[in-house]
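Chemist: Here you go, run_25.txt (compact mmCIF, N, CA and C atoms):
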# COMPACT_ATOMS: atom_id res chain seq x y z
N MET D 1 83.13 125.29 109.25
CA MET D 1 82.22 124.97 110.32
C MET D 1 80.80 124.93 109.75
N ARG D 2 80.03 123.96 110.17
CA ARG D 2 78.67 123.76 109.70
C ARG D 2 77.72 124.70 110.45
N ASN D 3 76.78 125.28 109.71
CA ASN D 3 75.78 126.15 110.32
C ASN D 3 74.72 125.33 111.03
N ASP D 4 74.17 125.85 112.10
CA ASP D 4 73.05 125.24 112.79
C ASP D 4 71.79 125.69 112.08
N SER D 5 71.09 124.78 111.45
CA SER D 5 69.92 125.13 110.64
C SER D 5 68.60 124.78 111.32
N ARG D 6 68.63 124.51 112.62
CA ARG D 6 67.40 124.12 113.32
C ARG D 6 66.30 125.16 113.18
N LEU D 7 66.64 126.44 113.34
CA LEU D 7 65.63 127.48 113.26
C LEU D 7 65.02 127.53 111.86
N SER D 8 65.85 127.56 110.85
CA SER D 8 65.38 127.62 109.48
C SER D 8 64.51 126.42 109.14
N ARG D 9 64.97 125.24 109.49
CA ARG D 9 64.24 124.01 109.18
C ARG D 9 62.92 123.95 109.94
N THR D 10 62.93 124.39 111.18
CA THR D 10 61.71 124.37 111.99
C THR D 10 60.69 125.38 111.45
N LEU D 11 61.16 126.55 111.06
CA LEU D 11 60.26 127.55 110.47
C LEU D 11 59.65 127.01 109.18
N HIS D 12 60.46 126.31 108.40
CA HIS D 12 59.99 125.68 107.16
C HIS D 12 58.82 124.74 107.47
N VAL D 13 59.02 123.90 108.47
CA VAL D 13 57.97 122.94 108.85
C VAL D 13 56.73 123.67 109.35
N LEU D 14 56.92 124.67 110.19
CA LEU D 14 55.76 125.38 110.74
C LEU D 14 54.94 126.06 109.65
N LEU D 15 55.60 126.61 108.64
CA LEU D 15 54.85 127.23 107.54
C LEU D 15 54.09 126.19 106.74
N HIS D 16 54.71 125.05 106.51
CA HIS D 16 53.97 123.96 105.83
C HIS D 16 52.75 123.57 106.67
N MET D 17 52.94 123.41 107.96
CA MET D 17 51.85 123.02 108.84
C MET D 17 50.73 124.06 108.83
N ALA D 18 51.11 125.33 108.80
CA ALA D 18 50.12 126.40 108.81
C ALA D 18 49.25 126.40 107.56
N ARG D 19 49.77 125.89 106.47
CA ARG D 19 49.04 125.89 105.20
C ARG D 19 48.58 124.49 104.80
N HIS D 20 48.73 123.53 105.70
CA HIS D 20 48.36 122.14 105.42
C HIS D 20 47.05 121.82 106.13
N GLU D 21 46.16 121.16 105.46
CA GLU D 21 44.92 120.74 106.10
C GLU D 21 45.16 119.46 106.87
N GLY D 22 44.90 119.49 108.14
CA GLY D 22 45.07 118.32 108.98
C GLY D 22 46.49 118.19 109.50
N PRO D 23 46.67 117.25 110.42
CA PRO D 23 47.99 117.03 111.02
C PRO D 23 49.01 116.48 110.02
N MET D 24 50.28 116.72 110.31
CA MET D 24 51.38 116.17 109.52
C MET D 24 52.14 115.17 110.39
N THR D 25 52.40 114.00 109.86
CA THR D 25 53.11 112.98 110.64
C THR D 25 54.60 113.30 110.72
N SER D 26 55.22 112.73 111.72
CA SER D 26 56.68 112.87 111.85
C SER D 26 57.38 112.27 110.65
N GLU D 27 56.82 111.21 110.10
CA GLU D 27 57.41 110.56 108.93
C GLU D 27 57.36 111.50 107.72
N ALA D 28 56.22 112.15 107.50
CA ALA D 28 56.08 113.08 106.37
C ALA D 28 57.02 114.27 106.53
N ILE D 29 57.11 114.79 107.74
CA ILE D 29 58.01 115.92 108.00
C ILE D 29 59.45 115.48 107.81
N GLY D 30 59.77 114.28 108.29
CA GLY D 30 61.12 113.75 108.13
C GLY D 30 61.51 113.61 106.67
N ARG D 31 60.58 113.10 105.84
CA ARG D 31 60.86 113.00 104.40
C ARG D 31 61.08 114.38 103.79
N MET D 32 60.27 115.34 104.19
CA MET D 32 60.39 116.69 103.66
C MET D 32 61.76 117.29 103.99
N LEU D 33 62.24 117.03 105.20
CA LEU D 33 63.51 117.61 105.64
C LEU D 33 64.71 116.70 105.38
N GLY D 34 64.46 115.49 104.93
CA GLY D 34 65.55 114.55 104.72
C GLY D 34 66.20 114.11 106.02
N THR D 35 65.36 113.88 107.03
CA THR D 35 65.88 113.46 108.32
C THR D 35 64.99 112.37 108.91
N ASN D 36 65.43 111.80 109.99
CA ASN D 36 64.74 110.72 110.66
C ASN D 36 63.54 111.24 111.45
N PRO D 37 62.41 110.52 111.45
CA PRO D 37 61.24 110.94 112.22
C PRO D 37 61.53 111.12 113.72
N VAL D 38 62.51 110.39 114.24
CA VAL D 38 62.87 110.55 115.65
C VAL D 38 63.42 111.95 115.91
N VAL D 39 64.22 112.45 114.98
CA VAL D 39 64.76 113.81 115.09
C VAL D 39 63.61 114.81 115.03
N VAL D 40 62.65 114.57 114.15
CA VAL D 40 61.48 115.43 114.04
C VAL D 40 60.73 115.46 115.37
N ARG D 41 60.47 114.30 115.95
CA ARG D 41 59.72 114.24 117.21
C ARG D 41 60.45 114.96 118.33
N ARG D 42 61.76 114.84 118.36
CA ARG D 42 62.55 115.52 119.40
C ARG D 42 62.44 117.04 119.24
N THR D 43 62.54 117.51 118.01
CA THR D 43 62.43 118.95 117.76
C THR D 43 61.01 119.44 118.05
N MET D 44 60.03 118.70 117.58
CA MET D 44 58.64 119.11 117.77
C MET D 44 58.24 119.08 119.25
N ALA D 45 58.88 118.24 120.04
CA ALA D 45 58.57 118.18 121.47
C ALA D 45 58.83 119.53 122.14
N GLY D 46 59.90 120.20 121.76
CA GLY D 46 60.18 121.52 122.32
C GLY D 46 59.11 122.53 121.94
N LEU D 47 58.63 122.44 120.70
CA LEU D 47 57.55 123.33 120.25
C LEU D 47 56.24 123.00 120.97
N ARG D 48 56.00 121.70 121.19
CA ARG D 48 54.79 121.30 121.92
C ARG D 48 54.84 121.79 123.36
N ASN D 49 56.01 121.65 123.99
CA ASN D 49 56.15 122.10 125.38
C ASN D 49 55.93 123.60 125.51
N ALA D 50 56.26 124.34 124.46
CA ALA D 50 56.06 125.79 124.46
C ALA D 50 54.62 126.16 124.08
N GLY D 51 53.84 125.19 123.64
CA GLY D 51 52.45 125.44 123.29
C GLY D 51 52.23 125.91 121.86
N TYR D 52 53.23 125.74 121.00
CA TYR D 52 53.13 126.21 119.61
C TYR D 52 52.54 125.16 118.67
N VAL D 53 52.71 123.89 119.01
CA VAL D 53 52.14 122.80 118.22
C VAL D 53 51.49 121.80 119.18
N ARG D 54 50.68 120.93 118.61
CA ARG D 54 50.10 119.84 119.39
C ARG D 54 50.27 118.55 118.58
N SER D 55 50.19 117.45 119.27
CA SER D 55 50.31 116.17 118.57
C SER D 55 49.10 115.30 118.90
N GLU D 56 48.70 114.54 117.91
CA GLU D 56 47.60 113.60 118.07
C GLU D 56 48.13 112.22 117.68
N LYS D 57 47.85 111.24 118.51
CA LYS D 57 48.31 109.88 118.23
C LYS D 57 47.30 109.12 117.40
N GLY D 58 47.76 108.04 116.82
CA GLY D 58 46.87 107.13 116.12
C GLY D 58 46.67 107.48 114.66
N HIS D 59 45.79 106.69 114.03
CA HIS D 59 45.50 106.87 112.61
C HIS D 59 44.92 108.26 112.38
N GLY D 60 45.47 108.98 111.45
CA GLY D 60 45.03 110.34 111.17
C GLY D 60 45.65 111.37 112.09
N GLY D 61 46.54 110.93 112.95
CA GLY D 61 47.19 111.84 113.90
C GLY D 61 48.42 112.49 113.30
N GLY D 62 49.11 113.22 114.12
CA GLY D 62 50.33 113.91 113.71
C GLY D 62 50.43 115.24 114.41
N TRP D 63 51.20 116.14 113.83
CA TRP D 63 51.50 117.45 114.40
C TRP D 63 50.66 118.52 113.71
N SER D 64 50.18 119.48 114.50
CA SER D 64 49.47 120.62 113.94
C SER D 64 49.76 121.87 114.77
N ILE D 65 49.52 123.00 114.17
CA ILE D 65 49.74 124.29 114.84
C ILE D 65 48.74 124.45 115.97
N ALA D 66 49.21 124.91 117.13
CA ALA D 66 48.34 125.11 118.29
C ALA D 66 48.30 126.56 118.74
N ALA D 67 49.10 127.40 118.14
CA ALA D 67 49.20 128.79 118.59
C ALA D 67 48.79 129.75 117.49
N ASP D 68 48.44 130.94 117.89
CA ASP D 68 48.16 132.02 116.96
C ASP D 68 49.48 132.43 116.32
N LEU D 69 49.57 132.38 115.01
CA LEU D 69 50.83 132.70 114.31
C LEU D 69 51.28 134.13 114.58
N ASP D 70 50.36 135.03 114.86
CA ASP D 70 50.73 136.41 115.18
C ASP D 70 51.43 136.52 116.54
N ALA D 71 51.19 135.55 117.41
CA ALA D 71 51.71 135.61 118.77
C ALA D 71 53.06 134.91 118.94
N VAL D 72 53.56 134.25 117.89
CA VAL D 72 54.81 133.50 118.00
C VAL D 72 55.86 134.14 117.11
N SER D 73 56.99 134.51 117.71
CA SER D 73 58.08 135.14 116.95
C SER D 73 59.14 134.13 116.57
N LEU D 74 60.01 134.54 115.67
CA LEU D 74 61.14 133.70 115.29
C LEU D 74 62.01 133.40 116.51
N LEU D 75 62.15 134.38 117.39
CA LEU D 75 62.93 134.18 118.61
C LEU D 75 62.27 133.13 119.50
N ASP D 76 60.95 133.16 119.60
CA ASP D 76 60.23 132.14 120.38
C ASP D 76 60.55 130.75 119.86
N VAL D 77 60.51 130.60 118.55
CA VAL D 77 60.78 129.29 117.93
C VAL D 77 62.23 128.89 118.19
N HIS D 78 63.16 129.82 118.01
CA HIS D 78 64.58 129.55 118.25
C HIS D 78 64.77 129.01 119.67
N ARG D 79 64.14 129.65 120.62
CA ARG D 79 64.28 129.21 122.02
C ARG D 79 63.61 127.86 122.25
N ALA D 80 62.44 127.65 121.64
CA ALA D 80 61.70 126.40 121.85
C ALA D 80 62.44 125.17 121.31
N VAL D 81 63.19 125.34 120.24
CA VAL D 81 63.91 124.20 119.68
C VAL D 81 65.30 124.05 120.29
N GLY D 82 65.59 124.86 121.29
CA GLY D 82 66.88 124.74 121.97
C GLY D 82 68.03 125.20 121.10
N GLY D 83 67.76 126.25 120.32
CA GLY D 83 68.79 126.79 119.44
C GLY D 83 70.02 127.22 120.21
N PRO D 84 71.15 127.21 119.55
CA PRO D 84 72.41 127.56 120.21
C PRO D 84 72.49 129.05 120.46
N ARG D 85 73.53 129.44 121.16
CA ARG D 85 73.82 130.86 121.28
C ARG D 85 73.83 131.44 119.88
N VAL D 86 73.43 132.68 119.78
CA VAL D 86 73.32 133.30 118.47
C VAL D 86 74.68 133.37 117.77
N PHE D 87 75.74 133.66 118.52
CA PHE D 87 77.08 133.72 117.95
C PHE D 87 77.99 132.70 118.62
N ALA D 88 78.78 132.03 117.82
CA ALA D 88 79.74 131.07 118.35
C ALA D 88 81.11 131.70 118.53
N ILE D 89 81.26 132.94 118.06
CA ILE D 89 82.53 133.64 118.21
C ILE D 89 82.71 133.97 119.69
N GLY D 90 83.92 133.84 120.16
CA GLY D 90 84.18 134.15 121.56
C GLY D 90 85.57 134.72 121.74
N SER D 91 85.87 135.02 122.97
CA SER D 91 87.18 135.59 123.25
C SER D 91 88.09 134.53 123.86
N ASP D 92 89.37 134.80 123.80
CA ASP D 92 90.39 133.88 124.30
C ASP D 92 90.60 134.13 125.79
N ARG D 93 90.79 133.07 126.55
CA ARG D 93 91.03 133.18 127.99
C ARG D 93 92.30 132.43 128.39
N SER D 94 93.21 132.26 127.43
CA SER D 94 94.41 131.47 127.74
C SER D 94 95.40 132.22 128.64
N ASN D 95 95.40 133.55 128.61
CA ASN D 95 96.33 134.33 129.42
C ASN D 95 95.60 135.55 129.98
N PRO D 96 94.75 135.35 131.01
CA PRO D 96 93.90 136.42 131.49
C PRO D 96 94.63 137.63 132.09
N GLU D 97 95.90 137.49 132.38
CA GLU D 97 96.67 138.62 132.93
C GLU D 97 97.29 139.49 131.84
N CYS D 98 97.23 139.06 130.59
CA CYS D 98 97.84 139.79 129.48
C CYS D 98 97.00 141.01 129.13
N ALA D 99 97.62 142.19 129.10
CA ALA D 99 96.91 143.43 128.80
C ALA D 99 96.36 143.44 127.37
N VAL D 100 97.10 142.85 126.44
CA VAL D 100 96.62 142.79 125.05
C VAL D 100 95.37 141.92 124.98
N GLU D 101 95.42 140.75 125.63
CA GLU D 101 94.26 139.87 125.63
C GLU D 101 93.05 140.56 126.24
N LYS D 102 93.25 141.29 127.32
CA LYS D 102 92.15 142.00 127.97
C LYS D 102 91.53 143.04 127.02
N ALA D 103 92.37 143.79 126.31
CA ALA D 103 91.87 144.81 125.38
C ALA D 103 91.10 144.17 124.22
N VAL D 104 91.68 143.10 123.67
CA VAL D 104 91.04 142.40 122.56
C VAL D 104 89.70 141.80 123.01
N ASN D 105 89.70 141.11 124.15
CA ASN D 105 88.48 140.48 124.65
C ASN D 105 87.38 141.50 124.92
N GLU D 106 87.78 142.62 125.49
CA GLU D 106 86.79 143.67 125.77
C GLU D 106 86.14 144.17 124.49
N ALA D 107 86.94 144.41 123.46
CA ALA D 107 86.41 144.88 122.19
C ALA D 107 85.50 143.84 121.55
N ILE D 108 85.93 142.59 121.55
CA ILE D 108 85.14 141.52 120.95
C ILE D 108 83.84 141.33 121.72
N GLU D 109 83.92 141.26 123.03
CA GLU D 109 82.72 141.01 123.84
C GLU D 109 81.71 142.14 123.72
N ASP D 110 82.16 143.39 123.71
CA ASP D 110 81.25 144.52 123.55
C ASP D 110 80.56 144.47 122.18
N THR D 111 81.34 144.21 121.15
CA THR D 111 80.79 144.14 119.79
C THR D 111 79.78 143.01 119.66
N LEU D 112 80.11 141.84 120.19
CA LEU D 112 79.20 140.70 120.11
C LEU D 112 77.93 140.94 120.92
N ARG D 113 78.05 141.57 122.08
CA ARG D 113 76.88 141.88 122.89
C ARG D 113 75.92 142.80 122.13
N GLU D 114 76.47 143.81 121.48
CA GLU D 114 75.65 144.74 120.70
C GLU D 114 75.00 144.03 119.51
N ALA D 115 75.77 143.23 118.79
CA ALA D 115 75.23 142.52 117.63
C ALA D 115 74.17 141.51 118.04
N GLU D 116 74.41 140.80 119.13
CA GLU D 116 73.44 139.82 119.61
C GLU D 116 72.14 140.50 120.02
N ALA D 117 72.24 141.64 120.69
CA ALA D 117 71.03 142.36 121.09
C ALA D 117 70.22 142.79 119.87
N LEU D 118 70.88 143.24 118.82
CA LEU D 118 70.19 143.63 117.59
C LEU D 118 69.52 142.43 116.93
N LEU D 119 70.23 141.32 116.84
CA LEU D 119 69.68 140.13 116.20
C LEU D 119 68.50 139.57 117.00
N ILE D 120 68.63 139.51 118.31
CA ILE D 120 67.54 139.02 119.15
C ILE D 120 66.31 139.91 119.02
N ALA D 121 66.53 141.23 119.00
CA ALA D 121 65.41 142.15 118.84
C ALA D 121 64.72 141.92 117.50
N ARG D 122 65.49 141.73 116.45
CA ARG D 122 64.91 141.51 115.12
C ARG D 122 64.16 140.18 115.06
N LEU D 123 64.76 139.11 115.58
CA LEU D 123 64.08 137.82 115.61
C LEU D 123 62.78 137.90 116.43
N GLY D 124 62.81 138.68 117.49
CA GLY D 124 61.63 138.86 118.32
C GLY D 124 60.55 139.70 117.66
N SER D 125 60.91 140.46 116.65
CA SER D 125 59.94 141.35 116.00
C SER D 125 59.26 140.73 114.78
N VAL D 126 59.69 139.57 114.37
CA VAL D 126 59.11 138.91 113.19
C VAL D 126 58.26 137.74 113.66
N SER D 127 57.00 137.76 113.30
CA SER D 127 56.08 136.69 113.72
C SER D 127 55.97 135.61 112.65
N LEU D 128 55.47 134.46 113.08
CA LEU D 128 55.20 133.39 112.11
C LEU D 128 54.15 133.85 111.10
N ALA D 129 53.21 134.69 111.53
CA ALA D 129 52.20 135.21 110.61
C ALA D 129 52.84 136.05 109.50
N GLN D 130 53.86 136.82 109.84
CA GLN D 130 54.57 137.60 108.82
C GLN D 130 55.24 136.67 107.81
N LEU D 131 55.86 135.61 108.30
CA LEU D 131 56.48 134.65 107.39
C LEU D 131 55.42 134.00 106.50
N ALA D 132 54.29 133.65 107.09
CA ALA D 132 53.22 133.02 106.31
C ALA D 132 52.70 133.98 105.24
N ARG D 133 52.58 135.25 105.56
CA ARG D 133 52.14 136.22 104.55
C ARG D 133 53.17 136.36 103.44
N GLY D 134 54.45 136.31 103.79
CA GLY D 134 55.51 136.34 102.77
C GLY D 134 55.44 135.14 101.86
N PHE D 135 55.18 133.98 102.45
CA PHE D 135 55.00 132.75 101.66
C PHE D 135 53.80 132.90 100.73
N ASP D 136 52.68 133.37 101.30
CA ASP D 136 51.46 133.53 100.51
C ASP D 136 51.67 134.48 99.34
N ALA D 137 52.44 135.52 99.57
CA ALA D 137 52.68 136.51 98.51
C ALA D 137 53.51 135.91 97.37
N ARG D 138 54.36 134.95 97.68
CA ARG D 138 55.21 134.33 96.66
C ARG D 138 54.51 133.21 95.91
N CYS D 139 53.48 132.65 96.52
CA CYS D 139 52.85 131.47 95.97
C CYS D 139 51.35 131.68 95.88
N HIS D 140 50.73 130.87 95.11
CA HIS D 140 49.28 130.89 95.04
C HIS D 140 48.75 130.08 96.21
N VAL D 141 48.14 130.78 97.17
CA VAL D 141 47.61 130.09 98.33
C VAL D 141 46.56 129.09 97.88
N GLY D 142 46.57 127.93 98.49
CA GLY D 142 45.64 126.88 98.14
C GLY D 142 46.24 125.86 97.21
N LYS D 143 47.38 126.19 96.60
CA LYS D 143 48.08 125.26 95.71
C LYS D 143 48.81 124.24 96.60
N PRO D 144 48.83 122.99 96.26
CA PRO D 144 49.54 122.01 97.08
C PRO D 144 51.02 122.39 97.23
N THR D 145 51.57 122.14 98.42
CA THR D 145 52.95 122.53 98.67
C THR D 145 53.93 121.80 97.78
N ILE D 146 53.61 120.61 97.32
CA ILE D 146 54.51 119.90 96.42
C ILE D 146 54.65 120.68 95.11
N ALA D 147 53.57 121.28 94.67
CA ALA D 147 53.61 122.07 93.44
C ALA D 147 54.43 123.34 93.63
N LEU D 148 54.68 123.72 94.87
CA LEU D 148 55.45 124.92 95.15
C LEU D 148 56.94 124.63 95.27
N GLY D 149 57.34 123.41 94.98
CA GLY D 149 58.75 123.06 95.03
C GLY D 149 59.16 122.51 96.39
N CYS D 150 58.21 122.28 97.26
CA CYS D 150 58.53 121.73 98.58
C CYS D 150 57.85 120.38 98.72
N GLU D 151 58.59 119.45 99.25
CA GLU D 151 58.00 118.12 99.47
C GLU D 151 58.21 117.73 100.90
Would you mind writing the file out in structure tokens?
Modeler:
Amino acid sequence: MRNDSRLSRTLHVLLHMARHEGPMTSEAIGRMLGTNPVVVRRTMAGLRNAGYVRSEKGHGGGWSIAADLDAVSLLDVHRAVGGPRVFAIGSDRSNPECAVEKAVNEAIEDTLREAEALLIARLGSVSLAQLARGFDARCHVGKPTIALGCE
């Protein structure tokens, strides 16, 4: 099964935007991610609706950060891009009267609820500013992103 990488890819873009002077076009972001600019615009629309980015039309336009990086968490971004449920694992409902199925489902659902609560809390506790500081610590700030291995 293929992983949903929307959160990771969107965070990647947001960090580039945070360290980029001026707006970034959908075409440039699409090239960076190896995807179509239409997909970029659809994803960025959710971030714009949440107030995390803004877009400017015309020559010299594009996408730029609109929010304080300290105020936006990974969970906020996940929700803004319409990320899927955190876990795709679920319980079986083919025979709801079966005592074994009920016991198994109860154990699975309780475990998943606990794990999801932990993951959501952790995603909610990490800000975009923390990610940006981690990036800055790994790289020489001010160096072009292409020189950092990202295009």
Chemist: Could you give me, as JSON lines, a per-residue list for region 64-135 of chain D showing, wherever an atom lies at most 8 Å from an atom of region 27-44 of chain D, the closest pair of atoms and their distance in Å to one decimal, using only N, CA and C atoms and sorting by chain then residue number from low to high?
Modeler:
{"residue": "D:Ala80", "atom": "C", "partner": "D:Thr43", "partner_atom": "C", "distance": 6.7}
{"residue": "D:Val81", "atom": "CA", "partner": "D:Thr43", "partner_atom": "CA", "distance": 5.8}
{"residue": "D:Gly82", "atom": "N", "partner": "D:Thr43", "partner_atom": "CA", "distance": 7.6}
Chemist: Please report the interatomic distance between CA of Ala121 (chain D) and CA of Cys139 (chain D) in Å with one decimal.
Modeler: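 These two atoms are separated by 28.2 Å.
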Chemist: Do you have the atom C of Arg79 (chain D)-atom C of Ser5 (chain D) distance handy?
Modeler: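 Rounded to one decimal, the two atoms are 12.4 Å apart.
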Chemist: So what do you get for CA of Glu109 (chain D) versus CA of Pro84 (chain D), distance-wise?
Modeler: 17.3 Å
Chemist: Edge lengths and centre, in Å to one decimal, as JSON: that's what I need for the box along x, y and z that holds all listed atoms of region 54-62 of chain D plus 5 Å on each side.
Modeler:
{"center_x": 47.8, "center_y": 113.8, "center_z": 115.3, "size_x": 15.8, "size_y": 24.2, "size_z": 18.2}
Chemist: Rank nothing, just name the residue among D:Ser94, D:Thr25, D:Thr10, D:Asn49 nearest to Gly61 (chain D), using only C-alpha atoms.
Modeler: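 So, comparing all the options, the nearest one is D:Thr25.
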Chemist: Find, counting only N, CA and C atoms, the residue in D:Ser26, D:Ser55, D:Thr111, D:Gln130 that gets nearest to Asp70 (chain D).
Modeler: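 So, comparing all the options, the nearest one is D:Gln130.
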Chemist: Let me make sure I understand: among D:Ala103, D:Ala50, D:Leu112, D:Val72, which one has the smallest atom-to-atom distance to Leu128 (chain D) if we use only N, CA and C atoms?
Modeler: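 Among the listed residues, D:Val72 lies closest to Leu128 (chain D).
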Chemist: Compute the distance from (64.1, 125.2, 111.3) to each atom, counting only C-alpha atoms, keep the residues with any atom at most 10 Å away, and return them as JSON, numbers by chain; use the coordinates of the file.
Modeler: {"D": [4, 5, 6, 7, 8, 9, 10, 11, 12, 13, 14, 33, 43, 74, 77, 78, 81, 83]}
Chemist: When DSSP works through the backbone of this structure, what residues of region 42-113 of chain D end up as helix (DSSP H, G or I), shown as a ChimeraX atom specification?
Modeler: /D:42-49,69-71,74-80,99-113
Chemist: Given the selection you just returned, output its residues as a file containing N, CA and C atoms, formatted as an mmCIF file, in the coordinates of the input.
Modeler:
data_model
loop_
_atom_site.group_PDB
_atom_site.id
_atom_site.type_symbol
_atom_site.label_atom_id
_atom_site.label_comp_id
_atom_site.auth_asym_id
_atom_site.auth_seq_id
_atom_site.Cartn_x
_atom_site.Cartn_y
_atom_site.Cartn_z
ATOM 1 N N ARG D 42 61.760 114.840 118.360
ATOM 2 C CA ARG D 42 62.550 115.520 119.400
ATOM 3 C C ARG D 42 62.440 117.040 119.240
ATOM 4 N N THR D 43 62.540 117.510 118.010
ATOM 5 C CA THR D 43 62.430 118.950 117.760
ATOM 6 C C THR D 43 61.010 119.440 118.050
ATOM 7 N N MET D 44 60.030 118.700 117.580
ATOM 8 C CA MET D 44 58.640 119.110 117.770
ATOM 9 C C MET D 44 58.240 119.080 119.250
ATOM 10 N N ALA D 45 58.880 118.240 120.040
ATOM 11 C CA ALA D 45 58.570 118.180 121.470
ATOM 12 C C ALA D 45 58.830 119.530 122.140
ATOM 13 N N GLY D 46 59.900 120.200 121.760
ATOM 14 C CA GLY D 46 60.180 121.520 122.320
ATOM 15 C C GLY D 46 59.110 122.530 121.940
ATOM 16 N N LEU D 47 58.630 122.440 120.700
ATOM 17 C CA LEU D 47 57.550 123.330 120.250
ATOM 18 C C LEU D 47 56.240 123.000 120.970
ATOM 19 N N ARG D 48 56.000 121.700 121.190
ATOM 20 C CA ARG D 48 54.790 121.300 121.920
ATOM 21 C C ARG D 48 54.840 121.790 123.360
ATOM 22 N N ASN D 49 56.010 121.650 123.990
ATOM 23 C CA ASN D 49 56.150 122.100 125.380
ATOM 24 C C ASN D 49 55.930 123.600 125.510
ATOM 25 N N LEU D 69 49.570 132.380 115.010
ATOM 26 C CA LEU D 69 50.830 132.700 114.310
ATOM 27 C C LEU D 69 51.280 134.130 114.580
ATOM 28 N N ASP D 70 50.360 135.030 114.860
ATOM 29 C CA ASP D 70 50.730 136.410 115.180
ATOM 30 C C ASP D 70 51.430 136.520 116.540
ATOM 31 N N ALA D 71 51.190 135.550 117.410
ATOM 32 C CA ALA D 71 51.710 135.610 118.770
ATOM 33 C C ALA D 71 53.060 134.910 118.940
ATOM 34 N N LEU D 74 60.010 134.540 115.670
ATOM 35 C CA LEU D 74 61.140 133.700 115.290
ATOM 36 C C LEU D 74 62.010 133.400 116.510
ATOM 37 N N LEU D 75 62.150 134.380 117.390
ATOM 38 C CA LEU D 75 62.930 134.180 118.610
ATOM 39 C C LEU D 75 62.270 133.130 119.500
ATOM 40 N N ASP D 76 60.950 133.160 119.600
ATOM 41 C CA ASP D 76 60.230 132.140 120.380
ATOM 42 C C ASP D 76 60.550 130.750 119.860
ATOM 43 N N VAL D 77 60.510 130.600 118.550
ATOM 44 C CA VAL D 77 60.780 129.290 117.930
ATOM 45 C C VAL D 77 62.230 128.890 118.190
ATOM 46 N N HIS D 78 63.160 129.820 118.010
ATOM 47 C CA HIS D 78 64.580 129.550 118.250
ATOM 48 C C HIS D 78 64.770 129.010 119.670
ATOM 49 N N ARG D 79 64.140 129.650 120.620
ATOM 50 C CA ARG D 79 64.280 129.210 122.020
ATOM 51 C C ARG D 79 63.610 127.860 122.250
ATOM 52 N N ALA D 80 62.440 127.650 121.640
ATOM 53 C CA ALA D 80 61.700 126.400 121.850
ATOM 54 C C ALA D 80 62.440 125.170 121.310
ATOM 55 N N ALA D 99 97.620 142.190 129.100
ATOM 56 C CA ALA D 99 96.910 143.430 128.800
ATOM 57 C C ALA D 99 96.360 143.440 127.370
ATOM 58 N N VAL D 100 97.100 142.850 126.440
ATOM 59 C CA VAL D 100 96.620 142.790 125.050
ATOM 60 C C VAL D 100 95.370 141.920 124.980
ATOM 61 N N GLU D 101 95.420 140.750 125.630
ATOM 62 C CA GLU D 101 94.260 139.870 125.630
ATOM 63 C C GLU D 101 93.050 140.560 126.240
ATOM 64 N N LYS D 102 93.250 141.290 127.320
ATOM 65 C CA LYS D 102 92.150 142.000 127.970
ATOM 66 C C LYS D 102 91.530 143.040 127.020
ATOM 67 N N ALA D 103 92.370 143.790 126.310
ATOM 68 C CA ALA D 103 91.870 144.810 125.380
ATOM 69 C C ALA D 103 91.100 144.170 124.220
ATOM 70 N N VAL D 104 91.680 143.100 123.670
ATOM 71 C CA VAL D 104 91.040 142.400 122.560
ATOM 72 C C VAL D 104 89.700 141.800 123.010
ATOM 73 N N ASN D 105 89.700 141.110 124.150
ATOM 74 C CA ASN D 105 88.480 140.480 124.650
ATOM 75 C C ASN D 105 87.380 141.500 124.920
ATOM 76 N N GLU D 106 87.780 142.620 125.490
ATOM 77 C CA GLU D 106 86.790 143.670 125.770
ATOM 78 C C GLU D 106 86.140 144.170 124.490
ATOM 79 N N ALA D 107 86.940 144.410 123.460
ATOM 80 C CA ALA D 107 86.410 144.880 122.190
ATOM 81 C C ALA D 107 85.500 143.840 121.550
ATOM 82 N N ILE D 108 85.930 142.590 121.550
ATOM 83 C CA ILE D 108 85.140 141.520 120.950
ATOM 84 C C ILE D 108 83.840 141.330 121.720
ATOM 85 N N GLU D 109 83.920 141.260 123.030
ATOM 86 C CA GLU D 109 82.720 141.010 123.840
ATOM 87 C C GLU D 109 81.710 142.140 123.720
ATOM 88 N N ASP D 110 82.160 143.390 123.710
ATOM 89 C CA ASP D 110 81.250 144.520 123.550
ATOM 90 C C ASP D 110 80.560 144.470 122.180
ATOM 91 N N THR D 111 81.340 144.210 121.150
ATOM 92 C CA THR D 111 80.790 144.140 119.790
ATOM 93 C C THR D 111 79.780 143.010 119.660
ATOM 94 N N LEU D 112 80.110 141.840 120.190
ATOM 95 C CA LEU D 112 79.200 140.700 120.110
ATOM 96 C C LEU D 112 77.930 140.940 120.920
ATOM 97 N N ARG D 113 78.050 141.570 122.080
ATOM 98 C CA ARG D 113 76.880 141.880 122.890
ATOM 99 C C ARG D 113 75.920 142.800 122.130
#
Chemist: Report the residues of chain D whose backbone DSSP state falls under strand (DSSP E or B), written as a PyMOL selection string.
Modeler: chain D and resi 24+53-56+62-65+73+127
